[in-house]
$ cat final-v4.txt   # compact mmCIF, C-alpha atoms
# COMPACT_ATOMS: atom_id res chain seq x y z
CA MET N 1 0.00 0.00 0.00
CA SER N 2 1.24 3.41 -0.88
CA SER N 3 1.94 5.97 1.74
CA ALA N 4 -0.95 8.16 0.41
CA ALA N 5 -3.47 5.35 1.00
CA ALA N 6 -2.18 4.86 4.50
CA ARG N 7 -2.82 8.53 5.21
CA ARG N 8 -6.42 8.32 3.92
CA ARG N 9 -7.47 5.27 5.91
CA PRO N 10 -6.60 5.34 9.59
CA ARG N 11 -5.43 2.22 11.27
CA ALA N 12 -7.93 0.01 13.06
CA SER N 13 -6.59 0.87 16.50
CA ALA N 14 -6.95 4.58 15.78
CA ARG N 15 -10.51 4.18 14.43
CA HIS N 16 -11.68 2.58 17.69
CA LYS N 17 -9.88 5.06 19.92
CA VAL N 18 -12.32 6.92 22.17
CA THR N 19 -11.22 10.30 23.30
CA ILE N 20 -11.58 10.57 27.07
CA GLU N 21 -11.41 14.04 28.47
CA SER N 22 -9.94 14.32 31.93
CA PRO N 23 -12.88 14.98 34.29
CA GLU N 24 -12.72 18.10 36.42
CA LEU N 25 -13.25 17.67 40.14
CA ASN N 26 -15.99 19.72 41.68
CA LEU N 27 -14.18 21.46 44.48
CA ASN N 28 -17.06 23.69 45.52
CA SER N 29 -18.01 21.56 48.53
CA MET N 30 -14.40 21.49 49.68
CA MET N 31 -14.26 25.26 49.38
CA ASP N 32 -17.45 25.50 51.45
CA MET N 33 -15.90 23.32 54.13
CA PHE N 34 -12.77 25.48 54.27
CA ALA N 35 -14.89 28.61 54.43
CA VAL N 36 -16.57 27.24 57.57
CA LEU N 37 -13.48 25.65 59.09
CA ILE N 38 -11.17 28.66 58.92
CA PRO N 39 -13.43 31.15 60.75
CA ALA N 40 -14.25 28.49 63.34
CA LEU N 41 -10.57 27.78 63.99
CA LEU N 42 -9.77 31.48 64.07
CA MET N 43 -12.47 32.03 66.67
CA MET N 44 -11.30 29.13 68.80
CA SER N 45 -7.62 29.93 68.65
CA ALA N 46 -6.42 32.48 71.15
CA LEU N 47 -4.47 35.21 69.44
CA VAL N 48 -2.73 36.18 72.65
CA GLU N 49 0.43 34.73 74.06
CA VAL N 50 -0.13 33.26 77.48
CA THR N 51 2.62 33.11 80.03
CA LEU N 52 2.73 31.48 83.46
CA LEU N 53 4.02 32.58 86.85
CA ASP N 54 5.07 29.95 89.36
CA ILE N 55 3.68 30.04 92.86
CA ALA N 56 5.12 28.11 95.79
CA VAL N 57 2.33 27.30 98.19
CA PRO N 58 3.48 24.77 100.75
CA SER N 59 1.44 26.45 103.45
CA LEU N 60 -1.87 26.30 101.64
CA LYS N 61 -2.55 22.72 102.66
CA GLU N 62 -2.19 23.80 106.26
CA ALA N 63 -4.77 25.69 108.22
CA PRO N 64 -5.03 29.39 107.39
CA GLY N 65 -2.98 31.51 109.67
CA ALA N 66 -0.29 28.87 109.96
CA ALA N 67 3.16 30.39 109.85
CA PRO N 68 4.88 29.87 106.48
CA PRO N 69 8.36 28.36 106.46
CA LYS N 70 10.84 31.00 107.52
CA PRO N 71 13.84 31.49 105.23
CA PRO N 72 16.84 33.36 106.63
CA LEU N 73 15.82 36.74 105.20
CA GLU N 74 12.10 36.30 105.86
CA LEU N 75 11.29 38.97 103.35
CA THR N 76 7.58 39.75 103.30
CA LEU N 77 5.83 42.05 100.89
CA ALA N 78 2.45 43.21 102.10
CA ILE N 79 0.26 44.92 99.53
CA HIS N 80 -2.04 47.53 101.04
CA PRO N 81 -4.37 50.01 99.37
CA GLU N 82 -1.91 52.66 100.58
CA GLY N 83 1.20 51.07 99.06
CA TYR N 84 3.81 48.37 99.62
CA ARG N 85 5.28 47.40 102.96
CA LEU N 86 8.48 45.36 102.92
CA SER N 87 9.51 43.72 106.14
CA THR N 88 11.82 41.10 107.56
CA GLN N 89 11.63 39.29 110.87
CA GLU N 90 13.21 42.35 112.51
CA GLY N 91 10.73 44.95 111.37
CA VAL N 92 9.55 47.09 108.50
CA LEU N 93 11.97 48.48 105.93
CA LEU N 94 11.48 52.22 105.88
CA GLY N 95 13.43 55.07 104.36
CA LYS N 96 16.23 54.43 101.92
CA ASP N 97 18.58 52.25 103.97
CA LEU N 98 18.38 48.54 104.59
CA VAL N 99 17.47 49.23 108.18
CA THR N 100 14.42 47.63 109.71
CA THR N 101 12.27 49.65 112.04
CA PRO N 102 9.90 48.12 114.55
CA VAL N 103 6.58 49.83 113.81
CA ASN N 104 2.92 49.22 114.27
CA LYS N 105 2.04 47.22 111.14
CA ALA N 106 -1.53 48.44 111.23
CA ASP N 107 -0.31 52.00 110.72
CA PRO N 108 -1.09 52.98 107.10
CA ALA N 109 1.66 55.58 107.23
CA ALA N 110 4.29 52.91 107.81
CA MET N 111 4.65 52.04 104.14
CA THR N 112 8.00 51.28 102.56
CA LEU N 113 6.67 52.52 99.24
CA PRO N 114 3.48 54.58 99.38
CA LEU N 115 1.37 55.12 96.28
CA VAL N 116 2.79 57.52 93.74
CA ARG N 117 1.16 59.77 91.21
CA GLN N 118 2.46 58.86 87.76
CA ARG N 119 1.58 58.82 84.09
CA LEU N 120 0.69 55.34 82.91
CA ARG N 121 0.17 53.94 79.44
CA CYS N 122 -3.51 53.27 78.84
CA ALA N 123 -2.92 50.33 76.47
CA HIS N 124 -3.15 47.79 79.33
CA TYR N 125 -6.11 49.43 81.06
CA MET N 126 -8.69 50.00 78.31
CA ASP N 127 -12.09 51.00 79.72
CA THR N 128 -10.80 50.66 83.25
CA ARG N 129 -8.24 52.15 85.62
CA PRO N 130 -4.99 50.79 86.97
CA PRO N 131 -4.87 49.41 90.51
CA PRO N 132 -5.60 50.45 93.19
CA ARG N 133 -8.95 51.00 91.48
CA ALA N 134 -10.70 52.21 94.62
CA ARG N 135 -8.20 55.05 94.87
CA ASN N 136 -8.53 55.85 91.15
CA ALA N 137 -12.33 55.59 91.09
CA SER N 138 -12.73 59.34 90.64
CA GLU N 139 -10.31 59.42 87.70
CA PRO N 140 -11.65 59.06 84.14
CA ALA N 141 -11.12 55.56 82.75
CA CYS N 142 -8.58 54.85 80.05
CA ASP N 143 -9.88 54.88 76.51
CA ALA N 144 -8.50 54.61 73.01
CA THR N 145 -8.21 58.39 72.60
CA THR N 146 -5.65 58.84 75.37
CA PRO N 147 -2.34 56.96 75.16
CA GLU N 148 -1.26 58.04 78.65
CA ARG N 149 -3.04 59.32 81.72
CA GLU N 150 -2.05 60.24 85.26
CA PHE N 151 -3.20 57.91 88.06
CA TRP N 152 -2.36 56.85 91.56
CA ALA N 153 -0.23 53.73 91.20
CA TYR N 154 1.91 51.32 93.14
CA ASP N 155 5.58 52.24 92.98
CA LEU N 156 6.75 49.27 90.91
CA ALA N 157 10.08 50.89 90.00
CA GLY N 158 10.75 51.55 93.68
CA LEU N 159 9.82 47.98 94.56
CA SER N 160 12.13 46.60 91.90
CA ALA N 161 14.98 48.78 93.21
CA TRP N 162 14.35 47.60 96.76
CA ALA N 163 14.32 43.96 95.64
CA LEU N 164 17.64 44.46 93.83
CA ARG N 165 19.28 46.01 96.89
CA LEU N 166 17.98 43.26 99.16
CA LYS N 167 19.24 40.61 96.75
CA GLN N 168 22.67 42.23 96.70
CA ALA N 169 22.69 42.16 100.51
CA HIS N 170 21.34 38.58 100.67
CA PRO N 171 22.40 36.79 97.47
CA GLU N 172 21.25 33.41 98.79
CA ALA N 173 17.67 34.54 99.40
CA ARG N 174 15.10 33.57 96.77
CA ARG N 175 11.85 33.42 98.67
CA LEU N 176 9.36 36.21 99.04
CA VAL N 177 6.24 35.88 101.15
CA LEU N 178 3.46 37.87 99.54
CA ASP N 179 0.52 39.07 101.57
CA ALA N 180 -2.33 41.44 100.81
CA THR N 181 -5.39 43.01 102.35
CA ALA N 182 -8.89 41.92 101.33
CA ASP N 183 -9.40 44.84 98.95
CA VAL N 184 -6.25 44.21 96.93
CA GLU N 185 -6.88 42.85 93.45
CA TYR N 186 -5.19 40.01 91.57
CA GLU N 187 -3.55 42.39 89.10
CA SER N 188 -1.63 44.07 91.92
CA VAL N 189 -0.29 40.66 92.97
CA ILE N 190 0.93 39.91 89.44
CA ASP N 191 2.54 43.36 89.15
CA ALA N 192 4.36 42.92 92.47
CA MET N 193 5.57 39.46 91.45
CA ASP N 194 6.85 40.88 88.16
CA ALA N 195 8.74 43.67 89.94
CA THR N 196 10.45 41.35 92.44
CA ARG N 197 11.12 38.28 90.27
CA ASP N 198 13.95 39.65 88.15
CA ASN N 199 15.71 42.82 87.15
CA VAL N 200 17.12 43.85 83.80
CA ASP N 201 20.02 46.29 83.91
CA GLY N 202 20.91 48.91 81.31
CA SER N 203 22.86 46.44 79.21
CA GLY N 204 19.86 44.11 78.96
CA GLN N 205 21.33 41.58 81.39
CA ALA N 206 18.62 39.90 83.46
CA ARG N 207 19.25 38.98 87.08
CA THR N 208 16.98 36.70 89.08
CA LEU N 209 15.87 38.23 92.36
CA PHE N 210 13.07 36.63 94.37
CA ASP N 211 11.56 33.96 92.15
CA GLU N 212 10.05 31.77 94.87
CA VAL N 213 6.82 33.48 95.78
CA LEU N 214 4.79 32.16 98.67
CA LEU N 215 1.24 33.42 99.02
CA SER N 216 0.07 34.06 102.54
CA PRO N 217 -3.62 33.50 103.34
CA GLY N 218 -4.16 37.24 103.76
CA LEU N 219 -3.84 40.12 106.19
CA MET A 1 -19.57 80.16 10.55
CA SER A 2 -18.98 76.74 11.77
CA GLU A 3 -15.83 74.97 10.81
CA PRO A 4 -16.20 71.98 8.51
CA ILE A 5 -15.98 68.69 10.33
CA ALA A 6 -12.81 66.99 9.41
CA ALA A 7 -13.07 63.44 8.20
CA PRO A 8 -11.61 60.97 10.68
CA ALA A 9 -8.08 60.16 9.94
CA PRO A 10 -7.46 56.58 8.81
CA PRO A 11 -6.05 54.51 11.63
CA SER A 12 -2.36 54.09 11.66
CA PRO A 13 -1.20 50.77 10.18
CA PRO A 14 -0.40 48.96 13.49
CA VAL A 15 -3.77 49.95 15.03
CA ALA A 16 -5.68 48.75 11.97
CA ARG A 17 -3.80 45.48 12.09
CA ARG A 18 -4.72 45.03 15.76
CA ARG A 19 -8.40 45.71 15.04
CA ARG A 20 -8.42 43.18 12.23
CA ARG A 21 -6.84 40.62 14.46
CA ARG A 22 -9.37 41.31 17.23
CA GLY A 23 -12.19 40.82 14.77
CA ARG A 24 -10.90 37.39 13.92
CA ARG A 25 -10.71 36.33 17.57
CA PRO A 26 -12.97 33.31 18.19
CA GLU A 27 -15.86 33.53 20.63
CA LEU A 28 -14.77 32.42 24.10
CA GLY A 29 -17.19 30.65 26.39
CA MET A 30 -17.47 31.14 30.17
CA GLY A 31 -13.96 30.89 31.50
CA GLN A 32 -13.37 28.57 34.43
CA VAL A 33 -11.41 29.89 37.38
CA ASN A 34 -8.62 27.63 38.49
CA ILE A 35 -8.99 27.37 42.25
CA ASN A 36 -6.27 24.81 42.85
CA SER A 37 -3.80 27.34 44.19
CA LEU A 38 -6.49 28.88 46.40
CA LEU A 39 -7.19 25.44 47.84
CA ASP A 40 -3.49 24.94 48.48
CA VAL A 41 -3.37 28.18 50.47
CA LEU A 42 -6.50 27.31 52.43
CA SER A 43 -5.15 23.84 53.25
CA VAL A 44 -1.98 25.37 54.65
CA ILE A 45 -3.98 27.86 56.74
CA VAL A 46 -6.24 25.12 58.14
CA VAL A 47 -3.30 22.90 59.07
CA PHE A 48 -1.51 25.84 60.71
CA LEU A 49 -4.59 26.86 62.70
CA MET A 50 -5.28 23.31 63.84
CA LYS A 51 -1.68 22.88 64.95
CA SER A 52 -1.61 26.15 66.89
CA TYR A 53 -4.96 25.30 68.47
CA SER A 54 -3.80 21.94 69.77
CA ALA A 55 -0.43 23.27 70.98
CA ASP A 56 -1.90 25.76 73.45
CA THR A 57 -2.79 23.87 76.59
CA VAL A 58 -3.97 27.00 78.39
CA GLN A 59 -6.68 28.79 76.49
CA VAL A 60 -7.41 32.36 77.50
CA LYS A 61 -10.38 34.00 75.83
CA PRO A 62 -10.51 37.57 77.11
CA SER A 63 -14.00 38.95 77.63
CA PRO A 64 -15.52 41.74 79.72
CA GLU A 65 -15.85 39.20 82.57
CA LEU A 66 -12.35 37.84 82.18
CA GLN A 67 -9.65 40.46 81.75
CA VAL A 68 -6.39 38.67 82.38
CA PRO A 69 -3.54 40.86 83.63
CA PHE A 70 -0.25 41.34 81.78
CA SER A 71 3.12 40.02 82.91
CA HIS A 72 6.74 40.09 81.77
CA ALA A 73 7.19 36.43 82.69
CA ALA A 74 8.17 34.14 79.85
CA GLU A 75 7.29 30.66 81.03
CA PRO A 76 5.34 28.69 78.44
CA ALA A 77 1.99 27.08 79.21
CA GLU A 78 1.94 23.41 80.14
CA GLN A 79 -0.59 20.64 80.60
CA SER A 80 -2.60 21.25 83.75
CA THR A 81 -6.08 21.70 85.15
CA ALA A 82 -7.33 25.19 84.33
CA ILE A 83 -9.27 26.96 87.08
CA THR A 84 -10.80 30.15 85.72
CA ILE A 85 -12.09 32.90 87.99
CA THR A 86 -14.23 35.45 86.19
CA GLN A 87 -16.26 38.27 87.68
CA HIS A 88 -19.30 36.00 88.02
CA ALA A 89 -18.19 32.39 88.22
CA ILE A 90 -15.46 29.87 88.90
CA LEU A 91 -14.89 27.36 86.12
CA VAL A 92 -12.81 24.20 85.93
CA ASP A 93 -11.74 23.35 82.39
CA ASP A 94 -14.45 25.66 81.02
CA GLN A 95 -17.22 24.04 83.10
CA ALA A 96 -19.00 26.43 85.48
CA VAL A 97 -18.67 25.09 89.02
CA LEU A 98 -19.58 27.99 91.29
CA GLN A 99 -21.40 31.28 90.86
CA LEU A 100 -20.03 34.42 92.49
CA GLN A 101 -22.00 37.24 94.05
CA ASP A 102 -20.31 40.62 93.66
CA GLY A 103 -17.01 38.86 93.14
CA HIS A 104 -17.32 36.78 96.30
CA VAL A 105 -18.45 33.28 97.18
CA ALA A 106 -21.60 33.20 99.29
CA ALA A 107 -21.05 32.17 102.90
CA SER A 108 -23.38 29.19 102.39
CA GLU A 109 -20.99 27.82 99.75
CA ARG A 110 -18.03 27.92 102.10
CA GLN A 111 -17.14 25.37 104.70
CA GLY A 112 -15.44 25.11 108.02
CA ASP A 113 -12.85 27.82 108.24
CA GLY A 114 -14.45 29.81 105.42
CA MET A 115 -11.52 29.06 103.13
CA THR A 116 -12.93 25.88 101.58
CA LEU A 117 -15.28 26.29 98.61
CA LYS A 118 -17.33 23.10 98.81
CA ALA A 119 -18.59 22.84 95.21
CA LEU A 120 -15.13 23.56 93.83
CA ARG A 121 -13.46 21.03 96.12
CA ASP A 122 -15.93 18.28 95.16
CA TRP A 123 -15.46 19.01 91.46
CA LEU A 124 -11.67 19.05 91.73
CA GLN A 125 -11.64 15.82 93.72
CA ARG A 126 -13.64 14.14 90.94
CA GLU A 127 -11.21 15.61 88.41
CA VAL A 128 -8.21 14.30 90.36
CA ALA A 129 -9.80 10.85 90.65
CA GLN A 130 -10.32 10.79 86.89
CA GLN A 131 -6.76 11.95 86.20
CA LYS A 132 -5.39 9.30 88.54
CA LYS A 133 -7.45 6.64 86.77
CA ILE A 134 -5.97 7.77 83.45
CA ALA A 135 -2.49 7.81 84.98
CA ALA A 136 -2.96 4.21 86.19
CA LEU A 137 -3.79 3.09 82.66
CA ASN A 138 -1.33 5.31 80.84
CA LYS A 139 2.14 5.64 82.32
CA GLN A 140 2.89 8.44 79.87
CA ALA A 141 0.36 10.72 81.59
CA PRO A 142 1.17 10.71 85.30
CA PHE A 143 -0.87 12.79 87.71
CA ARG A 144 1.22 15.85 88.57
CA GLY A 145 -1.27 17.97 90.49
CA ILE A 146 -0.66 21.18 88.56
CA ALA A 147 -3.39 23.80 88.52
CA THR A 148 -3.25 26.88 86.34
CA LEU A 149 -5.26 29.82 87.62
CA ILE A 150 -6.69 32.09 84.95
CA ALA A 151 -8.18 34.95 86.91
CA ASP A 152 -9.75 38.27 86.09
CA ARG A 153 -7.49 41.20 87.02
CA ARG A 154 -10.15 42.52 89.49
CA VAL A 155 -10.49 39.30 91.50
CA PRO A 156 -9.99 40.14 95.19
CA TYR A 157 -7.02 38.57 96.94
CA PRO A 158 -9.12 36.57 99.48
CA LEU A 159 -10.97 34.78 96.67
CA LEU A 160 -7.66 33.89 95.08
CA THR A 161 -6.35 32.32 98.27
CA GLN A 162 -9.66 30.53 98.88
CA VAL A 163 -9.49 28.91 95.44
CA MET A 164 -5.87 27.91 95.97
CA TYR A 165 -6.57 26.58 99.44
CA THR A 166 -9.50 24.52 98.12
CA ALA A 167 -7.44 23.18 95.22
CA GLY A 168 -4.72 22.28 97.71
CA GLN A 169 -7.24 20.15 99.58
CA ALA A 170 -7.99 18.33 96.34
CA GLU A 171 -4.30 17.32 96.01
CA TYR A 172 -3.19 20.13 93.72
CA GLY A 173 0.25 21.05 94.99
CA THR A 174 1.65 23.17 92.16
CA PHE A 175 0.04 26.42 91.11
CA LYS A 176 0.67 28.65 88.16
CA PHE A 177 -0.88 32.01 87.39
CA ALA A 178 -1.74 32.66 83.77
CA ALA A 179 -1.14 36.12 82.37
CA LEU A 180 -0.88 37.71 78.97
CA HIS A 181 2.69 38.16 77.91
CA ALA A 182 3.83 41.77 77.66
CA GLU A 183 7.22 43.12 76.67
CA ARG A 184 9.12 45.14 79.25
$ encode --input "final-v4.txt" --output "structure tokens"
Amino acid sequence: MSSAAARRRPRASARHKVTIESPELNLNSMMDMFAVLIPALLMMSALVEVTLLDIAVPSLKEAPGAAPPKPPLELTLAIHPEGYRLSTQEGVLLGKDLVTTPVNKADPAAMTLPLVRQRLRCAHYMDTRPPPRARNASEPACDATTPEREFWAYDLAGLSAWALRLKQAHPEARRLVLDATADVEYESVIDAMDATRDNVDGSGQARTLFDEVLLSPGL
Amino acid sequence: MSEPIAAPAPPSPPVARRRRRRGRRPELGMGQVNINSLLDVLSVIVVFLMKSYSADTVQVKPSPELQVPFSHAAEPAEQSTAITITQHAILVDDQAVLQLQDGHVAASERQGDGMTLKALRDWLQREVAQQKKIAALNKQAPFRGIATLIADRRVPYPLLTQVMYTAGQAEYGTFKFAALHAER
């Protein structure tokens, strides 16, 4: 057979060949599922980074009022609505020296660090006020329009400085007994723990101060 | 007198050629959008979200009732029993256990020395019993007695110590406070 005849008549195998088009998958239902799944997962996932603070509470299984274990320094931080009171077994730390003074602990004037008036960033206190909230109740609450506002606040910088000096004087001490009056709020406890746990110097070097916090049943 | 309207200039040769070519273009049907790459992106997002969801053992969902304070601490969350104290209730692993009145537990809900919150203690004891049962069957998941407290920033100090004291009675010996991480 000539080559021209071969071109005219296709081969048998080619005549019976059925053209199969590749089927397209219908992905609409899968898209629908993703459209539901992604918002649901976004709603469930917390977009905030959570951190934890350790608490040593050996005394909490005992009866309230039981004396906590006494480390050598016996440093106690009492949070009052009037400020911070730091004390050791010898007395209250007053003034600027590491000298303890025996005082009446019920005296609100005997504070190591009384409240201070300072400008605070409003970002952490939206629609509320910083602690002590009872003292700041007459102040306007923080809102998005004001980046900073002046409030009565606990002297966290002063507390951190005190903790650093005490650590330098007692390098072996790690434990801090934390106590508070009934009207002190949880946020004040966290702030005080932050200020006494570690200190970062100007070069960015962190130093651990009092990282074993023991909560007392209350004043 | 109005100016005579000038006849339109013949299109320049390249433009005319383009028009001719456009005229010859065949009719196109409804084009189909290729969504394969979109599906690839969505698959990656779903996997990422599912992974991040399962990795966080402590879930904090801030709300007007639960405003968690900020902290500079940098300890990551770990597997534990979550006790949440909002302005109106105490929850264990997202299950409401005790209602609060003005941020306090009613005297009728307290026991003995006033530090024990009965409903919370009973719930936690059941939780501990269940965890110990799991630990007996699975050596990889021992009971460690860790409780993470997720508390509203306005919770009064006595309520905090009452919850911890009660949890201590239910064999929880290690406590952690959850806070939102903030830079110094």
$ closest_atom_pairs --input "final-v4.txt" --of "chain A" --to "chain N" --cutoff "7 Å" --atoms "all atoms listed in the file" --output "tab-separated table"
residue	atom	partner	partner_atom	distance
A:Leu42	CA	N:Phe34	CA	6.8
A:Val46	CA	N:Ile38	CA	6.1
A:Leu49	CA	N:Leu41	CA	6.2
A:Met50	CA	N:Leu41	CA	6.9
A:Tyr53	CA	N:Ser45	CA	5.3
A:Gln59	CA	N:Ala46	CA	6.5
A:Val60	CA	N:Ala46	CA	6.4
A:Lys61	CA	N:Ala46	CA	6.3
A:Pro69	CA	N:Glu187	CA	5.7
A:Ser71	CA	N:Asp194	CA	6.5
A:His72	CA	N:Asp194	CA	6.4
A:Ala73	CA	N:Thr51	CA	6.2
A:Ala74	CA	N:Thr51	CA	5.6
A:Glu75	CA	N:Leu52	CA	5.2
A:Pro76	CA	N:Thr51	CA	5.4
A:Ala77	CA	N:Thr51	CA	6.1
A:Arg153	CA	N:Glu187	CA	4.6
A:Arg154	CA	N:Glu185	CA	5.1
A:Val155	CA	N:Tyr186	CA	5.3
A:Pro156	CA	N:Glu185	CA	4.5
A:Tyr157	CA	N:Glu185	CA	5.5
A:Pro158	CA	N:Ala182	CA	5.7
A:Thr161	CA	N:Pro217	CA	5.9
A:Tyr165	CA	N:Leu60	CA	5.2
A:Gly168	CA	N:Lys61	CA	5.4
A:Gln169	CA	N:Lys61	CA	6.2
A:Phe175	CA	N:Ile55	CA	5.4
A:Lys176	CA	N:Asp54	CA	4.7
A:Phe177	CA	N:Leu53	CA	5.0
A:Ala178	CA	N:Leu52	CA	4.6
A:Ala179	CA	N:Thr51	CA	5.4
A:Leu180	CA	N:Val50	CA	4.8
A:His181	CA	N:Thr51	CA	5.5
$ atom_distance --input "final-v4.txt" --atom1 "atom CA of A:Asp94" --atom2 "atom CA of A:Ala82"
7.9 Å
$ atom_distance --input "final-v4.txt" --atom1 "atom CA of N:Glu74" --atom2 "atom CA of N:Thr88"
5.1 Å
$ closest_residue --input "final-v4.txt" --among "A:Leu160, A:Gly145, A:Val68, A:Val92" --to "A:Ala182" --atoms "only C-alpha atoms"
A:Val68
$ residues_around --input "final-v4.txt" --residues "N:Pro171" --least-positions-apart "3" --cutoff "12 Å" --atoms "all atoms listed in the file" --output "PyMOL selection string"
chain N and resi 72-73+163-168+174-175+207-210
$ atom_distance --input "final-v4.txt" --atom1 "atom CA of A:Ala129" --atom2 "atom CA of A:Phe143"
9.6 Å
$ residues_around --input "final-v4.txt" --residues "stretch 96-110 of chain A" --least-positions-apart "5" --cutoff "7 Å" --atoms "all atoms listed in the file" --output "PyMOL selection string"
chain A and resi 87-91+115-120+155+159
$ residues_around --input "final-v4.txt" --residues "stretch 81-84 of chain N" --least-positions-apart "3" --cutoff "7 Å" --atoms "only C-alpha atoms" --output "ChimeraX atom specification"
/N:77-78,108,111-115,132,154,184
$ residues_around --input "final-v4.txt" --residues "N:Glu24" --least-positions-apart "6" --cutoff "12 Å" --atoms "all atoms listed in the file" --output "VMD selection string"
chain A and resid 32 to 36
$ residues_near_point --input "final-v4.txt" --point "(-10.8, 55.6, 76.2)" --cutoff "10 Å" --atoms "only C-alpha atoms" --output "list in words"
Cys122, Ala123, Tyr125, Met126, Asp127, Thr128, Pro140, Ala141, Cys142, Asp143, Ala144, Thr145, Thr146 and Pro147 of chain N
$ write_last_selection --input "final-v4.txt" --atoms "C-alpha atoms" --output "mmCIF file, in the frame of the given file"
data_model
loop_
_atom_site.group_PDB
_atom_site.id
_atom_site.type_symbol
_atom_site.label_atom_id
_atom_site.label_comp_id
_atom_site.auth_asym_id
_atom_site.auth_seq_id
_atom_site.Cartn_x
_atom_site.Cartn_y
_atom_site.Cartn_z
ATOM 1 C CA CYS N 122 -3.510 53.270 78.840
ATOM 2 C CA ALA N 123 -2.920 50.330 76.470
ATOM 3 C CA TYR N 125 -6.110 49.430 81.060
ATOM 4 C CA MET N 126 -8.690 50.000 78.310
ATOM 5 C CA ASP N 127 -12.090 51.000 79.720
ATOM 6 C CA THR N 128 -10.800 50.660 83.250
ATOM 7 C CA PRO N 140 -11.650 59.060 84.140
ATOM 8 C CA ALA N 141 -11.120 55.560 82.750
ATOM 9 C CA CYS N 142 -8.580 54.850 80.050
ATOM 10 C CA ASP N 143 -9.880 54.880 76.510
ATOM 11 C CA ALA N 144 -8.500 54.610 73.010
ATOM 12 C CA THR N 145 -8.210 58.390 72.600
ATOM 13 C CA THR N 146 -5.650 58.840 75.370
ATOM 14 C CA PRO N 147 -2.340 56.960 75.160
#
$ closest_residue --input "final-v4.txt" --among "A:Ser80, A:Ser52, A:Thr86, A:Ser43" --to "A:Arg144" --atoms "only C-alpha atoms"
A:Ser80
$ closest_residue --input "final-v4.txt" --among "A:Ile45, A:Ala151, A:Leu124, A:Ala135" --to "A:Tyr172" --atoms "all atoms listed in the file"
A:Leu124
$ build_atoms --input "final-v4.txt" --residues "stretch 148-152 of chain A" --atoms "all heavy atoms" --output "PDB file, keeping the file's coordinate frame"
ATOM      1  N   THR A 148      -3.533  25.553  86.896  1.00  0.00           N
ATOM      2  CA  THR A 148      -3.250  26.880  86.340  1.00  0.00           C
ATOM      3  C   THR A 148      -4.451  27.783  86.630  1.00  0.00           C
ATOM      4  O   THR A 148      -5.579  27.452  86.259  1.00  0.00           O
ATOM      5  CB  THR A 148      -3.016  26.788  84.828  1.00  0.00           C
ATOM      6  OG1 THR A 148      -1.898  25.935  84.595  1.00  0.00           O
ATOM      7  CG2 THR A 148      -2.729  28.157  84.231  1.00  0.00           C
ATOM      8  N   LEU A 149      -4.189  28.881  87.291  1.00  0.00           N
ATOM      9  CA  LEU A 149      -5.260  29.820  87.620  1.00  0.00           C
ATOM     10  C   LEU A 149      -5.327  30.925  86.569  1.00  0.00           C
ATOM     11  O   LEU A 149      -4.340  31.633  86.347  1.00  0.00           O
ATOM     12  CB  LEU A 149      -5.025  30.444  89.001  1.00  0.00           C
ATOM     13  CG  LEU A 149      -5.720  29.718  90.160  1.00  0.00           C
ATOM     14  CD1 LEU A 149      -5.032  28.418  90.449  1.00  0.00           C
ATOM     15  CD2 LEU A 149      -5.752  30.581  91.379  1.00  0.00           C
ATOM     16  N   ILE A 150      -6.473  31.023  85.934  1.00  0.00           N
ATOM     17  CA  ILE A 150      -6.690  32.090  84.950  1.00  0.00           C
ATOM     18  C   ILE A 150      -7.730  33.013  85.597  1.00  0.00           C
ATOM     19  O   ILE A 150      -8.909  32.681  85.656  1.00  0.00           O
ATOM     20  CB  ILE A 150      -7.228  31.522  83.629  1.00  0.00           C
ATOM     21  CG1 ILE A 150      -6.295  30.417  83.117  1.00  0.00           C
ATOM     22  CG2 ILE A 150      -7.396  32.618  82.585  1.00  0.00           C
ATOM     23  CD1 ILE A 150      -6.902  29.555  82.041  1.00  0.00           C
ATOM     24  N   ALA A 151      -7.274  34.119  86.110  1.00  0.00           N
ATOM     25  CA  ALA A 151      -8.180  34.950  86.910  1.00  0.00           C
ATOM     26  C   ALA A 151      -8.332  36.336  86.291  1.00  0.00           C
ATOM     27  O   ALA A 151      -7.404  36.863  85.656  1.00  0.00           O
ATOM     28  CB  ALA A 151      -7.671  35.078  88.330  1.00  0.00           C
ATOM     29  N   ASP A 152      -9.499  36.895  86.492  1.00  0.00           N
ATOM     30  CA  ASP A 152      -9.750  38.270  86.090  1.00  0.00           C
ATOM     31  C   ASP A 152      -8.867  39.199  86.928  1.00  0.00           C
ATOM     32  O   ASP A 152      -8.601  38.926  88.102  1.00  0.00           O
ATOM     33  CB  ASP A 152     -11.230  38.601  86.312  1.00  0.00           C
ATOM     34  CG  ASP A 152     -11.579  39.989  85.838  1.00  0.00           C
ATOM     35  OD1 ASP A 152     -11.945  40.134  84.660  1.00  0.00           O
ATOM     36  OD2 ASP A 152     -11.489  40.933  86.648  1.00  0.00           O
TER      37      ASP A 152
END
